[in-house]
Amino acid sequence: DPDLYPRHRSTLSDYHKSGFDRGHIVPAGDERFSKEALEETFYLSNICPQHPQFNRGLWSQLERHLRSLVKTQGPLEVISGPLFLSHEDKGKKFVTYQVIGENEVAVPTHFFKVAFSRGEVWAYVIPNLPIKGALEDYRFPLDKLEKISGICFKN
């Protein structure tokens with residue numbers, strides 16, 4: 001991403017043999033309205049390390065689901081991103097995450113997507129793991145997502 005300070009950029013070599021996919025936050029398939037927007041989805045600032053089964057499984061399923069909602073709900077506003085959530089060990093909570101590559105790219109523990117359309121909200125939080133299940137299993141209360149992400153999604 002040419003807008004990022006060079007020391008804050010990751011590189012393709014950070015992902016090489018890491019075992020992680022270069023997962024899009026904003027999917028390329030959603031940005032086909034302009035060549036520039038489509039190309040920008042491939043900036044590494046729009047990419048996070050994603051477990052292959054997560055990226056090609058539930059995350060991809062969620063992206064397809066949101067595209068199908070557009071047909072019934074009309075345009076959606078979608079906000080996506082990585083999360084670094086705590087886990088409990090021996091009665092104490094910790095935030096730990098893996099890093100990859102020379103630039104120590106952080107591997108998120110979870111990812112979220114929030115979609116808004118005509119007063120309706122769909123929020124999801126999915127672990128960055130090789131998991132299966134129904135998308136509905138990962139619906140998440142918006143107020144709880146705001147608390148754990150530090151982002152206020154409602155105006």
# chains A, B, ... in the order shown; residues from 1 in each chain; ligands from 1

call {"tool": "residues_around", "arguments": {"residues": "stretch 112-117 of chain A", "least_positions_apart": "5", "cutoff": "8 Å", "atoms": "only C-alpha atoms", "output": "list in words"}}
result
Leu66, Gln73, Gly74, Pro75, Leu76, Glu77, Val78, Ile79, Ser80, Gly81, Pro82, Leu83, Trp122, Ala123, Tyr124, Val125 and Ile126 of chain A

call {"tool": "write_last_selection", "arguments": {"atoms": "C-alpha atoms", "output": "compact mmCIF listing (two decimals), in the first residue's frame"}}
result
# COMPACT_ATOMS: atom_id res chain seq x y z
CA LEU A 66 -23.81 -11.11 2.39
CA GLN A 73 -32.28 -6.34 1.31
CA GLY A 74 -30.75 -3.90 -1.16
CA PRO A 75 -27.38 -2.25 -0.64
CA LEU A 76 -25.44 -3.21 2.49
CA GLU A 77 -22.86 -1.29 4.44
CA VAL A 78 -20.28 -3.86 5.57
CA ILE A 79 -17.49 -3.35 8.09
CA SER A 80 -14.91 -6.12 8.55
CA GLY A 81 -11.73 -6.56 10.48
CA PRO A 82 -9.41 -8.62 12.63
CA LEU A 83 -9.77 -9.20 16.34
CA TRP A 122 -26.07 -8.74 11.07
CA ALA A 123 -22.88 -9.14 13.13
CA TYR A 124 -20.55 -12.13 13.07
CA VAL A 125 -17.40 -13.09 14.98
CA ILE A 126 -15.57 -16.19 13.76

call {"tool": "select_by_dssp", "arguments": {"residues": "chain A", "states": "strand (DSSP E)", "output": "number ranges by chain"}}
result
A: 21-24, 47-50, 77-83, 87-89, 92-94, 99-100, 105-106, 110-117, 120-127

call {"tool": "closest_residue", "arguments": {"among": "A:Arg67, A:Lys154, A:His24, A:Lys147", "to": "A:Gly119", "atoms": "only C-alpha atoms"}}
result
A:Lys154

call {"tool": "closest_residue", "arguments": {"among": "A:Cys152, A:Val105, A:Leu44, A:Arg118", "to": "A:Thr72", "atoms": "only C-alpha atoms"}}
result
A:Arg118

call {"tool": "closest_residue", "arguments": {"among": "A:Phe54, A:Phe111, A:Tyr43, A:Tyr5", "to": "A:Leu85", "atoms": "only C-alpha atoms"}}
result
A:Phe111

call {"tool": "closest_residue", "arguments": {"among": "A:Ile148, A:Ala134, A:Leu69, A:Cys48", "to": "A:Val99", "atoms": "only C-alpha atoms"}}
result
A:Cys48

call {"tool": "closest_residue", "arguments": {"among": "A:Ser13, A:Thr109, A:Gln50, A:Ser60", "to": "A:Gly29", "atoms": "only C-alpha atoms"}}
result
A:Ser60

call {"tool": "atom_distance", "arguments": {"atom1": "atom CA of A:Val70", "atom2": "atom CA of A:Gly23"}}
result
22.2 Å

call {"tool": "select_by_dssp", "arguments": {"residues": "stretch 36-147 of chain A", "states": "alpha helix (DSSP H)", "output": "count of residues only"}}
result
32

call {"tool": "atom_distance", "arguments": {"atom1": "atom CA of A:Lys90", "atom2": "atom CA of A:Ser149"}}
result
24.3 Å

call {"tool": "atom_distance", "arguments": {"atom1": "atom CA of A:Gly57", "atom2": "atom CA of A:Asn128"}}
result
10.7 Å

call {"tool": "residues_around", "arguments": {"residues": "A:His16", "least_positions_apart": "3", "cutoff": "12 Å", "atoms": "only C-alpha atoms", "output": "PyMOL selection string"}}
result
chain A and resi 10-13+19-22+49+100-102+105

call {"tool": "closest_residue", "arguments": {"among": "A:Asp3, A:Asp30, A:Glu120, A:Glu104", "to": "A:Glu63", "atoms": "only C-alpha atoms"}}
result
A:Asp30

call {"tool": "decode", "arguments": {"residues": "stretch 73-84 of chain A", "atoms": "N, CA, C and O atoms", "output": "CSV table (one decimal), in the first residue's frame"}}
result
chain,number,residue,atom,x,y,z
A,73,GLN,N,-32.3,-7.5,0.4
A,73,GLN,CA,-32.3,-6.3,1.3
A,73,GLN,C,-31.9,-5.0,0.6
A,73,GLN,O,-32.0,-4.0,1.2
A,74,GLY,N,-31.3,-5.1,-0.5
A,74,GLY,CA,-30.7,-3.9,-1.2
A,74,GLY,C,-29.3,-3.7,-0.7
A,74,GLY,O,-28.7,-4.6,-0.1
A,75,PRO,N,-28.8,-2.5,-1.0
A,75,PRO,CA,-27.4,-2.3,-0.6
A,75,PRO,C,-27.1,-2.5,0.8
A,75,PRO,O,-27.9,-2.2,1.7
A,76,LEU,N,-25.9,-3.0,1.1
A,76,LEU,CA,-25.4,-3.2,2.5
A,76,LEU,C,-24.2,-2.3,2.7
A,76,LEU,O,-23.4,-2.1,1.9
A,77,GLU,N,-24.1,-1.9,4.0
A,77,GLU,CA,-22.9,-1.3,4.4
A,77,GLU,C,-22.2,-2.4,5.3
A,77,GLU,O,-22.8,-2.9,6.2
A,78,VAL,N,-21.0,-2.8,4.9
A,78,VAL,CA,-20.3,-3.9,5.6
A,78,VAL,C,-19.0,-3.3,6.1
A,78,VAL,O,-18.2,-2.7,5.5
A,79,ILE,N,-18.7,-3.7,7.4
A,79,ILE,CA,-17.5,-3.4,8.1
A,79,ILE,C,-16.9,-4.7,8.5
A,79,ILE,O,-17.6,-5.5,9.2
A,80,SER,N,-15.6,-4.9,8.2
A,80,SER,CA,-14.9,-6.1,8.6
A,80,SER,C,-13.6,-5.8,9.2
A,80,SER,O,-13.0,-4.7,8.9
A,81,GLY,N,-13.1,-6.8,9.9
A,81,GLY,CA,-11.7,-6.6,10.5
A,81,GLY,C,-11.3,-7.7,11.3
A,81,GLY,O,-12.0,-8.7,11.6
A,82,PRO,N,-10.0,-7.6,11.8
A,82,PRO,CA,-9.4,-8.6,12.6
A,82,PRO,C,-9.7,-8.3,14.1
A,82,PRO,O,-10.0,-7.2,14.5
A,83,LEU,N,-9.6,-9.3,14.9
A,83,LEU,CA,-9.8,-9.2,16.3
A,83,LEU,C,-8.7,-10.0,17.0
A,83,LEU,O,-8.2,-11.0,16.5
A,84,PHE,N,-8.2,-9.5,18.2
A,84,PHE,CA,-7.2,-10.2,19.0
A,84,PHE,C,-7.9,-10.4,20.4
A,84,PHE,O,-7.8,-9.5,21.2
